[in-house]
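Dropping final-v8.cif in here (mmCIF, C-alpha atoms):
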data_final
#
loop_
_atom_site.group_PDB
_atom_site.id
_atom_site.type_symbol
_atom_site.label_atom_id
_atom_site.label_comp_id
_atom_site.auth_asym_id
_atom_site.auth_seq_id
_atom_site.Cartn_x
_atom_site.Cartn_y
_atom_site.Cartn_z
ATOM 1 C CA GLY A 16 15.231 87.131 160.545
ATOM 2 C CA ALA A 17 17.690 84.833 162.217
ATOM 3 C CA LEU A 18 19.695 83.498 159.288
ATOM 4 C CA GLY A 19 22.373 84.957 157.070
ATOM 5 C CA GLY A 20 24.371 88.126 156.805
ATOM 6 C CA GLY A 21 22.251 90.813 155.207
ATOM 7 C CA ASP A 22 20.760 93.747 157.057
ATOM 8 C CA ASP A 23 17.416 91.980 157.074
ATOM 9 C CA GLY A 24 18.907 88.769 158.435
ATOM 10 C CA GLY A 25 17.138 86.793 155.710
ATOM 11 C CA LYS A 26 18.964 83.876 154.149
ATOM 12 C CA ASP A 27 20.727 84.572 150.845
ATOM 13 C CA ASP A 28 22.633 82.374 148.434
ATOM 14 C CA LYS A 29 26.327 83.193 148.246
ATOM 15 C CA ASP A 30 26.175 83.597 144.471
ATOM 16 C CA GLY A 31 23.998 86.644 144.909
ATOM 17 C CA LYS A 32 20.813 85.013 143.660
ATOM 18 C CA PRO A 33 17.807 84.389 145.892
ATOM 19 C CA SER A 34 17.651 80.801 147.051
ATOM 20 C CA GLY A 35 15.410 78.634 144.944
ATOM 21 C CA SER A 36 15.326 81.030 142.005
ATOM 22 C CA SER A 37 17.435 80.977 138.860
ATOM 23 C CA SER A 38 15.239 83.242 136.749
ATOM 24 C CA PRO A 39 13.275 86.459 137.314
ATOM 25 C CA PRO A 40 10.300 85.759 139.584
ATOM 26 C CA ALA A 41 6.940 85.305 137.980
ATOM 27 C CA LYS A 42 4.116 87.624 138.927
ATOM 28 C CA LYS A 43 1.431 85.975 140.977
ATOM 29 C CA ASP A 44 -2.162 86.609 141.969
ATOM 30 C CA GLY A 45 -2.756 89.409 139.514
ATOM 31 C CA ASP A 46 0.267 91.401 140.607
ATOM 32 C CA LYS A 47 1.123 94.579 138.772
ATOM 33 C CA LYS A 48 4.628 95.876 138.240
ATOM 34 C CA ASN A 49 3.748 98.816 140.441
ATOM 35 C CA GLY A 50 2.113 97.712 143.663
ATOM 36 C CA ASP A 51 0.045 100.904 143.819
ATOM 37 C CA LYS A 52 -2.186 99.515 141.110
ATOM 38 C CA GLY A 53 -3.071 96.557 143.248
ATOM 39 C CA GLY A 54 -3.193 98.404 146.518
ATOM 40 C CA LYS A 55 -5.474 101.401 146.398
ATOM 41 C CA GLY A 56 -7.202 100.275 149.541
ATOM 42 C CA GLY A 57 -10.571 101.157 148.108
ATOM 43 C CA GLY A 58 -12.390 98.076 149.346
ATOM 44 C CA PRO A 59 -14.206 97.483 152.624
ATOM 45 C CA GLY A 60 -12.511 99.190 155.518
ATOM 46 C CA ALA A 61 -10.751 101.782 153.374
ATOM 47 C CA GLU A 62 -10.269 105.137 155.012
ATOM 48 C CA LYS A 63 -12.582 107.989 154.082
ATOM 49 C CA PRO A 64 -10.853 111.050 152.603
ATOM 50 C CA ALA A 65 -11.996 113.157 155.556
ATOM 51 C CA ASP A 66 -10.175 110.880 158.003
ATOM 52 C CA ALA A 67 -6.642 112.206 158.304
ATOM 53 C CA PRO A 68 -5.186 111.111 161.646
ATOM 54 C CA LEU A 69 -1.668 111.233 160.189
ATOM 55 C CA ARG A 70 -1.852 114.710 158.695
ATOM 56 C CA GLY A 71 1.496 116.449 159.205
ATOM 57 C CA LYS A 72 3.340 113.194 159.911
ATOM 58 C CA VAL A 73 6.299 112.001 157.845
ATOM 59 C CA ILE A 74 6.785 108.247 157.487
ATOM 60 C CA VAL A 75 9.725 106.609 155.738
ATOM 61 C CA VAL A 76 9.087 103.196 154.201
ATOM 62 C CA ASP A 77 12.129 101.082 153.358
ATOM 63 C CA PRO A 78 11.371 98.223 150.926
ATOM 64 C CA GLY A 79 13.917 95.587 151.878
ATOM 65 C CA HIS A 80 16.527 94.832 149.210
ATOM 66 C CA ASN A 81 16.328 95.805 145.555
ATOM 67 C CA PRO A 82 15.349 93.535 142.653
ATOM 68 C CA HIS A 83 18.562 94.507 140.862
ATOM 69 C CA ASN A 84 20.896 93.550 143.708
ATOM 70 C CA ARG A 85 21.400 90.119 142.147
ATOM 71 C CA ASP A 86 23.075 91.817 139.183
ATOM 72 C CA GLN A 87 25.645 93.642 141.329
ATOM 73 C CA PRO A 88 27.199 91.042 143.673
ATOM 74 C CA GLY A 89 30.467 92.960 143.981
ATOM 75 C CA LYS A 90 28.856 96.265 144.875
ATOM 76 C CA ILE A 91 26.357 94.924 147.383
ATOM 77 C CA SER A 92 28.988 92.817 149.138
ATOM 78 C CA ARG A 93 31.310 95.729 149.922
ATOM 79 C CA PRO A 94 31.467 96.418 153.668
ATOM 80 C CA VAL A 95 29.932 99.508 155.245
ATOM 81 C CA ASP A 96 30.175 100.782 158.805
ATOM 82 C CA ILE A 97 27.123 100.049 160.983
ATOM 83 C CA GLY A 98 28.512 101.418 164.224
ATOM 84 C CA THR A 99 29.095 98.071 165.903
ATOM 85 C CA GLY A 100 31.275 96.832 163.051
ATOM 86 C CA LYS A 101 31.169 96.251 159.321
ATOM 87 C CA LYS A 102 28.463 94.613 157.256
ATOM 88 C CA GLU A 103 27.592 94.102 153.610
ATOM 89 C CA CYS A 104 26.166 97.085 151.760
ATOM 90 C CA ASP A 105 23.051 95.013 151.071
ATOM 91 C CA THR A 106 21.993 91.494 150.073
ATOM 92 C CA THR A 107 19.710 89.937 147.502
ATOM 93 C CA GLY A 108 17.156 88.800 150.033
ATOM 94 C CA THR A 109 15.448 85.440 149.942
ATOM 95 C CA SER A 110 12.574 83.961 147.922
ATOM 96 C CA THR A 111 9.835 81.374 148.060
ATOM 97 C CA ASN A 112 10.635 77.932 146.707
ATOM 98 C CA SER A 113 8.659 78.865 143.589
ATOM 99 C CA GLY A 114 10.863 81.909 142.956
ATOM 100 C CA TYR A 115 8.803 84.837 144.261
ATOM 101 C CA SER A 116 11.521 87.119 145.575
ATOM 102 C CA GLU A 117 11.606 89.039 148.806
ATOM 103 C CA ALA A 118 12.572 92.178 146.876
ATOM 104 C CA GLU A 119 9.450 91.905 144.715
ATOM 105 C CA PHE A 120 7.303 91.245 147.773
ATOM 106 C CA THR A 121 8.613 94.215 149.733
ATOM 107 C CA LEU A 122 8.150 96.657 146.837
ATOM 108 C CA ASP A 123 4.566 95.536 146.328
ATOM 109 C CA LEU A 124 3.786 95.790 150.017
ATOM 110 C CA ALA A 125 5.513 99.181 150.247
ATOM 111 C CA HIS A 126 3.255 100.612 147.538
ATOM 112 C CA ARG A 127 0.163 99.247 149.227
ATOM 113 C CA LEU A 128 1.290 100.624 152.580
ATOM 114 C CA ARG A 129 2.055 104.029 151.073
ATOM 115 C CA THR A 130 -1.462 104.203 149.654
ATOM 116 C CA ARG A 131 -2.967 103.440 153.053
ATOM 117 C CA LEU A 132 -0.817 105.973 154.878
ATOM 118 C CA ARG A 133 -1.487 108.708 152.340
ATOM 119 C CA GLU A 134 -5.203 108.121 152.689
ATOM 120 C CA ARG A 135 -4.732 108.956 156.368
ATOM 121 C CA GLY A 136 -2.949 112.207 155.568
ATOM 122 C CA ALA A 137 0.692 111.178 155.965
ATOM 123 C CA THR A 138 3.638 112.231 153.861
ATOM 124 C CA VAL A 139 5.351 109.006 152.815
ATOM 125 C CA LYS A 140 8.917 108.743 151.539
ATOM 126 C CA PHE A 141 10.636 105.632 150.183
ATOM 127 C CA THR A 142 14.298 104.775 150.589
ATOM 128 C CA HIS A 143 14.117 103.415 147.026
ATOM 129 C CA ASP A 144 11.529 102.319 144.494
ATOM 130 C CA GLY A 145 13.348 99.482 142.761
ATOM 131 C CA GLU A 146 14.750 101.744 140.061
ATOM 132 C CA ASP A 147 18.319 102.096 141.366
ATOM 133 C CA PRO A 148 20.958 99.724 139.922
ATOM 134 C CA TYR A 149 21.428 98.293 143.422
ATOM 135 C CA GLY A 150 20.945 99.136 147.081
ATOM 136 C CA PRO A 151 20.881 101.626 148.622
ATOM 137 C CA CYS A 152 23.347 100.368 151.204
ATOM 138 C CA VAL A 153 22.063 99.791 154.715
ATOM 139 C CA ASP A 154 23.762 102.902 156.119
ATOM 140 C CA GLU A 155 22.198 105.001 153.360
ATOM 141 C CA ARG A 156 18.774 103.555 154.102
ATOM 142 C CA ALA A 157 19.051 104.694 157.697
ATOM 143 C CA GLU A 158 20.285 108.126 156.636
ATOM 144 C CA LYS A 159 17.266 108.653 154.374
ATOM 145 C CA GLY A 160 14.987 108.302 157.387
ATOM 146 C CA ASN A 161 17.177 110.614 159.427
ATOM 147 C CA GLN A 162 17.284 113.289 156.724
ATOM 148 C CA ALA A 163 13.508 113.170 156.386
ATOM 149 C CA GLN A 164 13.210 113.663 160.167
ATOM 150 C CA ALA A 165 10.628 110.916 160.013
ATOM 151 C CA ASP A 166 8.083 110.519 162.769
ATOM 152 C CA ALA A 167 8.360 106.787 162.143
ATOM 153 C CA ALA A 168 10.308 104.522 159.805
ATOM 154 C CA ILE A 169 9.626 100.929 158.849
ATOM 155 C CA SER A 170 11.747 98.483 156.883
ATOM 156 C CA LEU A 171 9.743 95.737 155.164
ATOM 157 C CA HIS A 172 11.095 92.210 154.830
ATOM 158 C CA ALA A 173 10.281 88.509 154.761
ATOM 159 C CA ASP A 174 12.461 85.818 156.269
ATOM 160 C CA GLY A 175 14.276 82.798 154.831
ATOM 161 C CA ALA A 176 14.216 80.308 157.699
ATOM 162 C CA PRO A 177 13.817 76.529 157.270
ATOM 163 C CA SER A 178 10.393 75.149 156.386
ATOM 164 C CA GLY A 179 8.281 74.617 159.477
ATOM 165 C CA SER A 180 9.450 77.878 160.991
ATOM 166 C CA ARG A 181 6.372 80.042 160.778
ATOM 167 C CA GLY A 182 5.109 83.476 161.600
ATOM 168 C CA PHE A 183 6.001 87.157 161.542
ATOM 169 C CA HIS A 184 8.089 89.220 163.912
ATOM 170 C CA VAL A 185 9.134 92.811 164.469
ATOM 171 C CA ILE A 186 12.812 93.627 164.978
ATOM 172 C CA LEU A 187 13.577 96.402 167.466
ATOM 173 C CA PRO A 188 16.824 98.359 167.879
ATOM 174 C CA ALA A 189 18.994 97.485 170.840
ATOM 175 C CA SER A 190 20.608 100.245 172.858
ATOM 176 C CA VAL A 191 23.814 100.935 170.935
ATOM 177 C CA HIS A 192 26.345 103.711 171.521
ATOM 178 C CA LYS A 193 29.412 103.045 169.454
ATOM 179 C CA GLY A 194 31.044 104.761 166.504
ATOM 180 C CA ASP A 195 28.403 106.545 164.448
ATOM 181 C CA ALA A 196 25.613 104.577 166.107
ATOM 182 C CA ASP A 197 23.615 105.952 169.017
ATOM 183 C CA THR A 198 20.147 104.488 169.423
ATOM 184 C CA ARG A 199 19.629 105.421 173.057
ATOM 185 C CA LYS A 200 16.963 108.040 172.316
ATOM 186 C CA ILE A 201 14.974 105.854 169.928
ATOM 187 C CA VAL A 202 14.939 102.548 171.805
ATOM 188 C CA GLY A 203 11.832 103.406 173.821
ATOM 189 C CA PRO A 204 9.794 104.940 170.984
ATOM 190 C CA SER A 205 10.832 102.143 168.631
ATOM 191 C CA ARG A 206 9.619 99.533 171.111
ATOM 192 C CA ARG A 207 6.258 101.271 171.312
ATOM 193 C CA LEU A 208 6.104 101.428 167.516
ATOM 194 C CA GLY A 209 7.037 97.763 167.276
ATOM 195 C CA THR A 210 4.467 96.681 169.840
ATOM 196 C CA ASP A 211 1.667 98.627 168.149
ATOM 197 C CA LEU A 212 2.756 97.234 164.790
ATOM 198 C CA ARG A 213 2.829 93.655 166.051
ATOM 199 C CA ASP A 214 -0.659 93.903 167.537
ATOM 200 C CA ALA A 215 -2.229 95.538 164.485
ATOM 201 C CA PHE A 216 -0.477 93.279 161.965
ATOM 202 C CA ARG A 217 -1.558 90.138 163.785
ATOM 203 C CA GLU A 218 -5.159 91.344 163.965
ATOM 204 C CA ALA A 219 -5.336 92.328 160.301
ATOM 205 C CA THR A 220 -3.632 89.283 158.790
ATOM 206 C CA ASP A 221 -4.253 86.403 161.239
ATOM 207 C CA GLU A 222 -0.570 85.567 160.708
ATOM 208 C CA PRO A 223 0.850 84.005 163.892
ATOM 209 C CA VAL A 224 3.857 85.490 165.607
ATOM 210 C CA SER A 225 7.138 83.716 164.992
ATOM 211 C CA ASN A 226 7.510 80.244 166.478
ATOM 212 C CA TYR A 227 11.296 80.222 165.974
ATOM 213 C CA LEU A 228 12.554 83.517 167.411
ATOM 214 C CA GLY A 229 12.470 85.121 170.820
ATOM 215 C CA ASP A 230 10.040 84.034 173.505
ATOM 216 C CA GLY A 231 6.956 83.907 171.332
ATOM 217 C CA ASN A 232 5.943 87.553 171.715
ATOM 218 C CA GLY A 233 6.725 88.482 168.116
ATOM 219 C CA LEU A 234 9.460 90.953 169.078
ATOM 220 C CA ASP A 235 13.190 90.521 168.516
ATOM 221 C CA THR A 236 15.840 93.021 169.640
ATOM 222 C CA ARG A 237 19.074 93.217 167.628
ATOM 223 C CA ASP A 238 22.248 95.270 167.614
ATOM 224 C CA ASP A 239 23.717 94.014 164.318
ATOM 225 C CA LEU A 240 21.507 95.794 161.781
ATOM 226 C CA GLY A 241 22.839 99.006 160.276
ATOM 227 C CA GLY A 242 19.359 100.140 159.321
ATOM 228 C CA LEU A 243 18.506 100.297 163.026
ATOM 229 C CA ASN A 244 21.874 101.115 164.583
ATOM 230 C CA LEU A 245 22.319 104.252 162.493
ATOM 231 C CA SER A 246 18.744 105.508 162.774
ATOM 232 C CA THR A 247 18.017 108.642 164.789
ATOM 233 C CA VAL A 248 14.248 108.296 164.341
ATOM 234 C CA PRO A 249 11.911 105.595 165.706
ATOM 235 C CA LYS A 250 12.363 102.622 163.423
ATOM 236 C CA VAL A 251 11.596 98.903 163.245
ATOM 237 C CA PHE A 252 11.918 96.038 160.791
ATOM 238 C CA LEU A 253 8.805 94.022 159.945
ATOM 239 C CA GLU A 254 9.543 90.423 158.907
ATOM 240 C CA CYS A 255 6.144 89.528 157.467
ATOM 241 C CA GLY A 256 6.594 85.760 157.403
ATOM 242 C CA ASN A 257 8.910 82.960 156.336
ATOM 243 C CA MET A 258 9.118 82.632 152.565
ATOM 244 C CA ARG A 259 10.444 79.064 152.860
ATOM 245 C CA ASP A 260 7.453 77.746 154.775
ATOM 246 C CA PRO A 261 4.558 76.630 152.522
ATOM 247 C CA ALA A 262 1.841 78.074 154.774
ATOM 248 C CA ASP A 263 3.550 81.444 155.069
ATOM 249 C CA ALA A 264 4.484 81.469 151.378
ATOM 250 C CA ALA A 265 0.819 81.018 150.464
ATOM 251 C CA HIS A 266 0.120 84.264 152.310
ATOM 252 C CA LEU A 267 3.082 86.228 151.021
ATOM 253 C CA THR A 268 2.327 85.372 147.375
ATOM 254 C CA SER A 269 -1.329 86.387 147.715
ATOM 255 C CA ALA A 270 -2.247 89.913 146.628
ATOM 256 C CA LYS A 271 -5.325 89.737 148.849
ATOM 257 C CA TRP A 272 -3.212 88.899 151.893
ATOM 258 C CA ARG A 273 -0.696 91.639 151.071
ATOM 259 C CA GLU A 274 -3.549 94.126 151.142
ATOM 260 C CA LYS A 275 -4.367 92.907 154.651
ATOM 261 C CA ALA A 276 -0.709 93.216 155.560
ATOM 262 C CA ALA A 277 -0.638 96.811 154.339
ATOM 263 C CA ARG A 278 -3.697 97.635 156.410
ATOM 264 C CA GLY A 279 -2.180 96.019 159.480
ATOM 265 C CA ALA A 280 1.089 97.900 159.081
ATOM 266 C CA ALA A 281 -0.749 101.172 158.534
ATOM 267 C CA ASP A 282 -2.920 100.537 161.595
ATOM 268 C CA GLY A 283 0.144 99.875 163.736
ATOM 269 C CA ILE A 284 1.927 103.011 162.599
ATOM 270 C CA THR A 285 -1.249 105.036 163.094
ATOM 271 C CA ALA A 286 -1.695 103.707 166.622
ATOM 272 C CA PHE A 287 1.884 104.703 167.460
ATOM 273 C CA LEU A 288 1.629 108.205 166.008
ATOM 274 C CA THR A 289 -1.765 109.047 167.436
#
Render the structure in this file as structure tokens.
Amino acid sequence: GALGGGDDGGKDDKDGKPSGSSSPPAKKDGDKKNGDKGGKGGGPGAEKPADAPLRGKVIVVDPGHNPHNRDQPGKISRPVDIGTGKKECDTTGTSTNSGYSEAEFTLDLAHRLRTRLRERGATVKFTHDGEDPYGPCVDERAEKGNQAQADAAISLHADGAPSGSRGFHVILPASVHKGDADTRKIVGPSRRLGTDLRDAFREATDEPVSNYLGDGNGLDTRDDLGGLNLSTVPKVFLECGNMRDPADAAHLTSAKWREKAARGAADGITAFLT
């Protein structure tokens, strides 16, 4: 996203609480605590067990933020090195005006995406599963993908732009060679991953590409995100929509739409890897 200081770019309140929320977010649309229960992908269009186009592939899924970050403002605000400078360890993320948090959204979507990718034969690893007291920090998130020698890595987010700013976008790594950051080898593959992801996500969800970033192609290249700068494997950020826009929020809070989003993300990753 375009606003704020976290490694997702989403807008955060300075007190460490998601904007618009003063209490734990309520579950919506039949959500379960564990997104796997709502995201088995067993409905129409689900992959058959015999279909395994991703067999042998390792994919790292990074659920943006952590629901417990709000409880550790001091720890998540400490600076870490992202190659091009220093940035906060992590942020709380944003939320819808009704209090559905980005951290809750990304965990749910991550579980649904993992189910889809596993059905296609992939090995899927998370950077975290919401159980850590905070974080991990953005440099650690990148390192988890590197250590896994992932064939592809995706960081899931939702934006916190002003109402009226609509749509999703994919953030690509810029060419960075400074300090511990060297993205030169992954810029090309990451762009291909991002392009495949954009096309598949748009087709699956009918969500428009962002009307407030870039030139309207749904792709945004950045050099200020530690999760990208420090990656040595193809990696992108997926900003699934703007939580502060009513039309986008209606999608993001819908379990049915999140299942479409998981399918779109899985289709994009599959297109890239096959």
| Pick from A:Ala137, A:Ala219, A:Leu253, A:Leu267, whichever lies nearest to Leu234 of chain A using all atoms listed in the file | A:Leu253
10 Å contact set for Ala189 of chain A, all atoms listed in the file, chain neighbours under 4 positions out, as a PDB file with C-alpha atoms, keeping the file's coordinate frame:
ATOM      1  CA  ASP A 197      23.615 105.952 169.017  1.00  0.00           C
ATOM      2  CA  THR A 198      20.147 104.488 169.423  1.00  0.00           C
ATOM      3  CA  ARG A 199      19.629 105.421 173.057  1.00  0.00           C
ATOM      4  CA  ILE A 201      14.974 105.854 169.928  1.00  0.00           C
ATOM      5  CA  VAL A 202      14.939 102.548 171.805  1.00  0.00           C
ATOM      6  CA  GLY A 203      11.832 103.406 173.821  1.00  0.00           C
ATOM      7  CA  SER A 205      10.832 102.143 168.631  1.00  0.00           C
ATOM      8  CA  ARG A 206       9.619  99.533 171.111  1.00  0.00           C
ATOM      9  CA  ASP A 235      13.190  90.521 168.516  1.00  0.00           C
ATOM     10  CA  THR A 236      15.840  93.021 169.640  1.00  0.00           C
ATOM     11  CA  ARG A 237      19.074  93.217 167.628  1.00  0.00           C
ATOM     12  CA  ASP A 238      22.248  95.270 167.614  1.00  0.00           C
ATOM     13  CA  ASP A 239      23.717  94.014 164.318  1.00  0.00           C
ATOM     14  CA  LEU A 240      21.507  95.794 161.781  1.00  0.00           C
ATOM     15  CA  LEU A 243      18.506 100.297 163.026  1.00  0.00           C
ATOM     16  CA  ASN A 244      21.874 101.115 164.583  1.00  0.00           C
TER      17      ASN A 244
END
| For segment 96-107 of chain A: contacts at 8 Å, all atoms listed in the file, fewer than 2 positions along chain excluded, given as a PyMOL selection string | chain A and resi 20-22+27+31-33+80-82+84-85+90-94+109+118+150-154+191-196+238-242+244-245
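The shortest atom-to-atom distance to Arg259 of chain A, with only C-alpha atoms taken into account, belongs to A:Ser178 out of A:Ser116, A:Ser178, A:Thr130, A:Asn161.
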| For atom CA of Gly114 of chain A and atom CA of Val76 of chain A, the interatomic separation in Å (one decimal) |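 Answer for the atom CA of Gly114 of chain A to atom CA of Val76 of chain A separation: 24.1 Å.
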| query | atom CA of Pro188 of chain A and atom CA of Leu122 of chain A are how many Å apart? | reply |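 Here the two named atoms are 22.8 Å from each other.
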| task | List the residues selected by the PyMOL selection byres ((chain A and resi 207-218) around 7) in the file shown, writing them as an MDAnalysis selection string. | result | chainID A and resid 185 187 203:206 219:223 233 251 276 279:280 282:284 286:287
Could you dump the residues just selected with C-alpha atoms as a PDB file, in the coordinates of the input?
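And here is the file that came out, again-v5.pdb:
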ATOM      1  CA  VAL A 185       9.134  92.811 164.469  1.00  0.00           C
ATOM      2  CA  LEU A 187      13.577  96.402 167.466  1.00  0.00           C
ATOM      3  CA  GLY A 203      11.832 103.406 173.821  1.00  0.00           C
ATOM      4  CA  PRO A 204       9.794 104.940 170.984  1.00  0.00           C
ATOM      5  CA  SER A 205      10.832 102.143 168.631  1.00  0.00           C
ATOM      6  CA  ARG A 206       9.619  99.533 171.111  1.00  0.00           C
ATOM      7  CA  ALA A 219      -5.336  92.328 160.301  1.00  0.00           C
ATOM      8  CA  THR A 220      -3.632  89.283 158.790  1.00  0.00           C
ATOM      9  CA  ASP A 221      -4.253  86.403 161.239  1.00  0.00           C
ATOM     10  CA  GLU A 222      -0.570  85.567 160.708  1.00  0.00           C
ATOM     11  CA  PRO A 223       0.850  84.005 163.892  1.00  0.00           C
ATOM     12  CA  GLY A 233       6.725  88.482 168.116  1.00  0.00           C
ATOM     13  CA  VAL A 251      11.596  98.903 163.245  1.00  0.00           C
ATOM     14  CA  ALA A 276      -0.709  93.216 155.560  1.00  0.00           C
ATOM     15  CA  GLY A 279      -2.180  96.019 159.480  1.00  0.00           C
ATOM     16  CA  ALA A 280       1.089  97.900 159.081  1.00  0.00           C
ATOM     17  CA  ASP A 282      -2.920 100.537 161.595  1.00  0.00           C
ATOM     18  CA  GLY A 283       0.144  99.875 163.736  1.00  0.00           C
ATOM     19  CA  ILE A 284       1.927 103.011 162.599  1.00  0.00           C
ATOM     20  CA  ALA A 286      -1.695 103.707 166.622  1.00  0.00           C
ATOM     21  CA  PHE A 287       1.884 104.703 167.460  1.00  0.00           C
TER      22      PHE A 287
END
| request: For Asp260 of chain A, list every protein, DNA or RNA residue within 10 Å, evaluated using only C-alpha atoms, and leave out those in the same chain fewer than 4 positions away; present the list as a VMD selection string. | output: chain A and resid 111 to 112 174 to 182 256 264 to 265
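With all atoms listed in the file taken into account, the protein and nucleic acid residues at most 9 Å from Gly79 of chain A (excluding it and anything under 2 positions from it in its own chain) are Asp22, Asp23, Asp77, Asn81, Gly108, Glu117, Ala118, Phe120, Thr121, Leu122, Ser170, Leu171, His172 and Ala173 of chain A.
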| Among listed residues A:Ala167, A:Glu146, A:Ser190, A:Glu119, nearest Thr289 of chain A (using all atoms listed in the file) |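 Between A:Ala167, A:Glu146, A:Ser190, A:Glu119, the residue approaching Thr289 of chain A most closely is A:Ala167.
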| field | Selected residue of minimal separation from Arg129 of chain A among A:Val73, A:Glu158, A:Asn257, A:Asn226, counting only C-alpha atoms | value |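 Smallest separation from Arg129 of chain A among the options: A:Val73.
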